[in-house]
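Novice: This is the structure I have questions about; it appears just below.
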Amino acid sequence: MSAFALANFGGYDRPTLAQNESAFPPSPMAIEAGRNAVARSHLYPDPDWTLLRDAIARAYGVERDLILCGAGSMELIACTIASFAGPGADVLGTNYAYNFAASAAARVGAAYVKAPERGYEVSIDAVLAAVTPATRIVFVCNPGNPTGTRIPNAELLRLRAALPGDVLLMIDQAYGEFDDQDPQAIFALAGRGDTVVLRTLSKAYGLAGARVGWGLFPPQVAAEVRKMQNSNQVSTVSLAMAVAAVEDQAYMRATVMRTADIRDRFAQGLRAAGYEVPQSRTNFALVRFADATAAASADMALRGADIIARSLAGYGLTDCLRITVGQQDVMDRALRVLTAMRGRQSW
Ligand SMILES: *Cc1c(COP(=O)(O)O)cnc(C)c1O
């Protein structure tokens, strides 16, 4: 059974650390706004997401006219790939880039090519070396999922400058709020006409269940993507929650700091026990075990303690688990289980 099914049908008290959901609920203002919006549910939502675009433009210092919103950023990823890729028009990702892009490419019959990474980090040189005349889209995650590592902004700028102008660069920043790099230079790339930058409210804002994502799209790209979107796809309640959440930057910042704090203590504990844990810039940690067998027994041991981690066999990372940052007591329990396990092994 999938981690999702286990978590949802096995009882809500079972903490799922497999989906990178926030350990904390959304802002109280977002909850209140959602409650109030329920009574307006007889009306269709604003198909142009006007108030949300205004709120995002103010909070992020970006041009409101470049913003598109989606039912999660997955919708924006899928619609962008469907607009520009297809048979003979390839999508180039990286070895450990978020697998959903590969599914979205498969859906439209586009080849999805993976450039190798260096350890757990994206190598811009490897991405550039993998570009062919068939490449239509380059998809990179920064920070990355499932690695948690980040690409320095200067490297992303170098990538864009070196890519052919007819290759659309998609920069997925689902965890951007957890990264302390100034995002303005990356946001500004959308002004070039050949680059899309994606964000979501699912992670730092704790609104995974509301399904709201957004991105900066050059006008010619936006026109194509909008043809692929269903109108009215972000519900009235979700829009109301998203506006209030974006307006409550202080709550989001505090949540990100609390999450990073728990994450870093968890990672340090694991490193002290002898595990390899790359520095994460997200709300999860990638933990490397001796081999696939050790990772599988760790997964079992965690399940025995009612903790569900994400195995990464789908990424070829059979010796790793991805563990989302949960509440402090849950992470303490996970650390105890993994430390005890490490003590029984000789590697
Ligand atoms: C979680 C995640 C998303 C998006 O999810 P939505 O909930 O659809 O906004 C996108 N990209 C990456 C890398 C993610 O981890």
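By order of appearance in the structure tokens: chains A, B, ..., then residues from 1 within every chain, and ligands from 1 in the order shown.
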Can you tell me which residues sit at most 6 Å away from ligand 1, counting only C-alpha atoms and all ligand atoms, written as a PyMOL selection string?

Specialist: chain A and resi 72-74+98+141+145+172+174+200+202+208+211-213

Novice: Find the residues near A:Val91: any atom within 9 Å, counting only C-alpha atoms, skip ones fewer than 4 places away on the same chain, and give them as a compact mmCIF listing (two decimals) with C-alpha atoms, in the first residue's frame.

Specialist:
# COMPACT_ATOMS: atom_id res chain seq x y z
CA ILE A 81 5.02 20.76 -20.45
CA ALA A 85 6.80 19.41 -25.31
CA GLY A 86 5.54 16.39 -27.20
CA ALA A 101 7.89 16.45 -14.55
CA ALA A 102 8.71 13.05 -16.05
CA ALA A 105 6.22 14.60 -20.19
CA ALA A 110 7.58 13.68 -24.88
CA ALA A 111 10.91 12.03 -24.07
CA TYR A 112 12.19 12.95 -20.59
CA VAL A 113 15.98 12.96 -20.51
CA LYS A 114 17.97 13.08 -17.26
CA ALA A 134 15.33 18.08 -29.70
CA THR A 135 15.43 19.74 -26.25
CA ARG A 136 12.43 22.10 -25.87
CA ILE A 137 12.27 22.42 -22.08
CA VAL A 138 14.87 22.27 -19.33
CA PHE A 139 13.35 21.52 -15.92

Novice: Which residues are close to A:Asp332, i.e. within 8 Å by only C-alpha atoms, leaving aside same-chain residues fewer than 4 positions away? Reply as a PyMOL selection string.

Specialist: chain A and resi 266+328+336

Novice: Which residue is closest to A:Asp248? Choose from A:Glu155, A:Arg310, A:Thr293, A:Tyr205 and count only C-alpha atoms.

Specialist: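 Closest to A:Asp248 of all the choices is A:Tyr205.
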
Novice: If you measure from atom CA of A:Ala188 to atom CA of A:Gly209, what distance in Å do you get, rounded to one decimal?

Specialist: 29.4 Å

Novice: Excluding same-chain residues fewer than 6 positions from A:Asn20, what lies within 8 Å of it counting only C-alpha atoms, as a ChimeraX atom specification?

Specialist: /A:203,283-284,323-325

Novice: Within 9 Å of stretch 42-53 of chain A, counting only C-alpha atoms, which residues qualify if same-chain residues fewer than 5 places away don't, as a list in words?

Specialist: Arg58, Arg64, Asp65, Ile67, Leu68, Cys69, Trp214, Ser231, Asn232, Gln233, Val234, Ser235, Thr236, Val237, Leu239, Ala240, Ala242, Val243, Ala244 and Val246 of chain A

Novice: Create the file for the chosen residues now, containing all heavy atoms and written as a short mmCIF file (atom, residue, chain, number, x, y, z; two decimals), in the first residue's frame.

Specialist:
data_model
loop_
_atom_site.label_atom_id
_atom_site.label_comp_id
_atom_site.auth_asym_id
_atom_site.auth_seq_id
_atom_site.Cartn_x
_atom_site.Cartn_y
_atom_site.Cartn_z
N ARG A 58 2.63 41.96 -4.28
CA ARG A 58 3.07 42.80 -3.15
C ARG A 58 4.10 42.08 -2.28
O ARG A 58 5.14 42.61 -1.94
CB ARG A 58 1.87 43.18 -2.26
CG ARG A 58 1.16 44.45 -2.68
CD ARG A 58 0.22 44.93 -1.57
NE ARG A 58 -0.71 43.91 -1.12
CZ ARG A 58 -1.89 43.67 -1.70
NH1 ARG A 58 -2.28 44.39 -2.75
NH2 ARG A 58 -2.70 42.73 -1.25
N ARG A 64 2.68 41.72 -11.28
CA ARG A 64 1.45 40.93 -11.18
C ARG A 64 1.02 40.37 -12.53
O ARG A 64 0.45 39.30 -12.60
CB ARG A 64 0.32 41.76 -10.55
CG ARG A 64 -0.47 42.58 -11.52
CD ARG A 64 -1.66 43.28 -10.91
NE ARG A 64 -2.78 42.39 -10.59
CZ ARG A 64 -3.48 41.67 -11.48
NH1 ARG A 64 -3.13 41.65 -12.74
NH2 ARG A 64 -4.50 40.96 -11.09
N ASP A 65 1.34 41.09 -13.63
CA ASP A 65 0.89 40.63 -14.95
C ASP A 65 1.60 39.37 -15.42
O ASP A 65 1.16 38.74 -16.37
CB ASP A 65 1.08 41.74 -15.98
CG ASP A 65 0.11 42.89 -15.73
OD1 ASP A 65 -0.85 42.69 -14.96
OD2 ASP A 65 0.32 43.99 -16.28
N ILE A 67 2.04 36.79 -13.41
CA ILE A 67 1.66 35.69 -12.52
C ILE A 67 0.51 34.86 -13.11
O ILE A 67 -0.51 35.41 -13.53
CB ILE A 67 1.23 36.24 -11.14
CG1 ILE A 67 2.39 36.99 -10.48
CG2 ILE A 67 0.73 35.10 -10.24
CD1 ILE A 67 2.00 37.76 -9.23
N LEU A 68 0.69 33.55 -13.13
CA LEU A 68 -0.41 32.61 -13.35
C LEU A 68 -0.56 31.79 -12.09
O LEU A 68 0.43 31.46 -11.44
CB LEU A 68 -0.13 31.64 -14.51
CG LEU A 68 -0.11 32.13 -15.95
CD1 LEU A 68 -0.03 30.92 -16.89
CD2 LEU A 68 -1.34 32.97 -16.27
N CYS A 69 -1.80 31.42 -11.76
CA CYS A 69 -2.02 30.56 -10.61
C CYS A 69 -2.52 29.20 -11.08
O CYS A 69 -3.06 29.07 -12.18
CB CYS A 69 -3.02 31.19 -9.65
SG CYS A 69 -2.45 32.78 -9.01
N TRP A 214 1.67 28.98 -7.98
CA TRP A 214 1.75 30.15 -8.87
C TRP A 214 3.10 30.15 -9.56
O TRP A 214 4.01 29.40 -9.18
CB TRP A 214 1.51 31.46 -8.12
CG TRP A 214 2.49 31.80 -7.03
CD1 TRP A 214 2.47 31.36 -5.73
CD2 TRP A 214 3.64 32.66 -7.13
NE1 TRP A 214 3.53 31.89 -5.03
CE2 TRP A 214 4.26 32.70 -5.86
CE3 TRP A 214 4.21 33.41 -8.17
CZ2 TRP A 214 5.43 33.44 -5.60
CZ3 TRP A 214 5.36 34.16 -7.91
CH2 TRP A 214 5.94 34.17 -6.63
N SER A 231 -10.63 26.65 -16.62
CA SER A 231 -10.88 27.91 -15.91
C SER A 231 -11.58 27.60 -14.59
O SER A 231 -12.15 26.52 -14.41
CB SER A 231 -11.70 28.88 -16.76
OG SER A 231 -12.78 28.21 -17.32
N ASN A 232 -11.51 28.53 -13.67
CA ASN A 232 -12.11 28.37 -12.32
C ASN A 232 -11.52 27.18 -11.57
O ASN A 232 -12.20 26.54 -10.77
CB ASN A 232 -13.63 28.17 -12.41
CG ASN A 232 -14.32 29.30 -13.16
OD1 ASN A 232 -14.76 29.12 -14.29
ND2 ASN A 232 -14.38 30.45 -12.55
N GLN A 233 -10.24 26.88 -11.82
CA GLN A 233 -9.68 25.65 -11.25
C GLN A 233 -9.19 25.80 -9.81
O GLN A 233 -8.95 24.80 -9.15
CB GLN A 233 -8.59 25.09 -12.18
CG GLN A 233 -7.17 25.56 -11.93
CD GLN A 233 -6.87 26.99 -12.30
OE1 GLN A 233 -7.68 27.89 -12.14
NE2 GLN A 233 -5.66 27.22 -12.75
N VAL A 234 -9.02 27.02 -9.35
CA VAL A 234 -8.66 27.20 -7.94
C VAL A 234 -9.94 27.63 -7.21
O VAL A 234 -10.54 28.65 -7.54
CB VAL A 234 -7.55 28.26 -7.74
CG1 VAL A 234 -7.12 28.30 -6.28
CG2 VAL A 234 -6.34 27.96 -8.63
N SER A 235 -10.37 26.84 -6.26
CA SER A 235 -11.69 27.05 -5.65
C SER A 235 -11.76 28.35 -4.86
O SER A 235 -10.73 28.92 -4.46
CB SER A 235 -12.04 25.87 -4.72
OG SER A 235 -11.34 26.01 -3.50
N THR A 236 -12.97 28.82 -4.64
CA THR A 236 -13.22 30.04 -3.88
C THR A 236 -12.57 29.96 -2.50
O THR A 236 -11.92 30.90 -2.04
CB THR A 236 -14.75 30.22 -3.72
OG1 THR A 236 -15.32 30.31 -5.03
CG2 THR A 236 -15.09 31.47 -2.93
N VAL A 237 -12.74 28.83 -1.84
CA VAL A 237 -12.16 28.67 -0.50
C VAL A 237 -10.63 28.69 -0.56
O VAL A 237 -9.96 29.34 0.25
CB VAL A 237 -12.68 27.37 0.16
CG1 VAL A 237 -11.99 27.12 1.48
CG2 VAL A 237 -14.19 27.44 0.35
N LEU A 239 -8.70 30.06 -2.87
CA LEU A 239 -8.22 31.40 -3.18
C LEU A 239 -8.22 32.29 -1.95
O LEU A 239 -7.25 33.00 -1.68
CB LEU A 239 -9.10 32.04 -4.27
CG LEU A 239 -8.81 31.67 -5.72
CD1 LEU A 239 -9.84 32.31 -6.64
CD2 LEU A 239 -7.40 32.08 -6.14
N ALA A 240 -9.30 32.22 -1.18
CA ALA A 240 -9.40 33.05 0.03
C ALA A 240 -8.30 32.69 1.03
O ALA A 240 -7.66 33.57 1.62
CB ALA A 240 -10.78 32.89 0.66
N ALA A 242 -5.44 31.29 0.33
CA ALA A 242 -4.13 31.63 -0.23
C ALA A 242 -3.84 33.13 -0.07
O ALA A 242 -2.72 33.51 0.30
CB ALA A 242 -4.08 31.22 -1.70
N VAL A 243 -4.84 33.97 -0.34
CA VAL A 243 -4.63 35.42 -0.21
C VAL A 243 -4.23 35.75 1.23
O VAL A 243 -3.23 36.44 1.47
CB VAL A 243 -5.91 36.21 -0.60
CG1 VAL A 243 -5.78 37.67 -0.21
CG2 VAL A 243 -6.18 36.06 -2.10
N ALA A 244 -4.99 35.22 2.18
CA ALA A 244 -4.69 35.53 3.59
C ALA A 244 -3.33 34.97 4.00
O ALA A 244 -2.59 35.60 4.76
CB ALA A 244 -5.81 34.98 4.49
N VAL A 246 -0.67 34.46 2.07
CA VAL A 246 0.41 35.26 1.47
C VAL A 246 0.53 36.61 2.19
O VAL A 246 1.62 37.15 2.35
CB VAL A 246 0.19 35.43 -0.05
CG1 VAL A 246 1.13 36.48 -0.63
CG2 VAL A 246 0.38 34.10 -0.76
#

Novice: One number please: atom CA of A:Asn230 to atom CA of A:Pro25, in Å, one decimal.

Specialist: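 Computed distance, atom CA of A:Asn230 to atom CA of A:Pro25, equals 28.1 Å.
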
Novice: Quick check for you: according to DSSP on this backbone, which residues of stretch 81-219 of chain A are classed as strand (DSSP E or B)? Reply as a ChimeraX atom specification.

Specialist: /A:86,89-94,112-115,117-118,121-122,135-141,168-172,195-200,213-216

Novice: Take the residues from that selection and put them in a file with C-alpha atoms, as a compact mmCIF listing (two decimals), in the first residue's frame.

Specialist:
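Dumped to again_28.txt:
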# COMPACT_ATOMS: atom_id res chain seq x y z
CA GLY A 86 5.54 16.39 -27.20
CA ALA A 89 10.20 17.81 -28.40
CA ASP A 90 12.09 16.60 -25.33
CA VAL A 91 12.10 17.66 -21.70
CA LEU A 92 15.55 17.67 -20.08
CA GLY A 93 15.59 17.22 -16.31
CA THR A 94 18.28 16.11 -13.91
CA TYR A 112 12.19 12.95 -20.59
CA VAL A 113 15.98 12.96 -20.51
CA LYS A 114 17.97 13.08 -17.26
CA ALA A 115 21.30 14.86 -16.92
CA GLU A 117 24.04 15.09 -10.95
CA ARG A 118 27.28 15.51 -9.03
CA GLU A 121 23.80 18.39 -6.45
CA VAL A 122 22.68 19.61 -9.85
CA THR A 135 15.43 19.74 -26.25
CA ARG A 136 12.43 22.10 -25.87
CA ILE A 137 12.27 22.42 -22.08
CA VAL A 138 14.87 22.27 -19.33
CA PHE A 139 13.35 21.52 -15.92
CA VAL A 140 15.34 22.19 -12.75
CA CYS A 141 14.26 22.22 -9.10
CA LEU A 168 12.15 27.10 -22.27
CA LEU A 169 13.78 26.96 -18.83
CA MET A 170 11.43 25.93 -15.98
CA ILE A 171 12.76 26.66 -12.50
CA ASP A 172 10.66 24.89 -9.87
CA THR A 195 12.02 31.29 -18.54
CA VAL A 196 9.29 30.27 -16.09
CA VAL A 197 9.68 30.36 -12.29
CA LEU A 198 7.28 28.28 -10.18
CA ARG A 199 6.24 28.51 -6.55
CA THR A 200 3.61 26.82 -4.40
CA GLY A 213 0.53 27.18 -6.87
CA TRP A 214 1.75 30.15 -8.87
CA GLY A 215 4.47 31.10 -11.25
CA LEU A 216 5.97 33.90 -13.28

Novice: Taking the DSSP assignment computed from this structure's backbone, write out as a ChimeraX atom specification all residues of stretch 93-326 of chain A that belong to alpha helix (DSSP H).

Specialist: /A:100-107,124-130,153-162,184-187,219-228,236-247,249-272,292-304
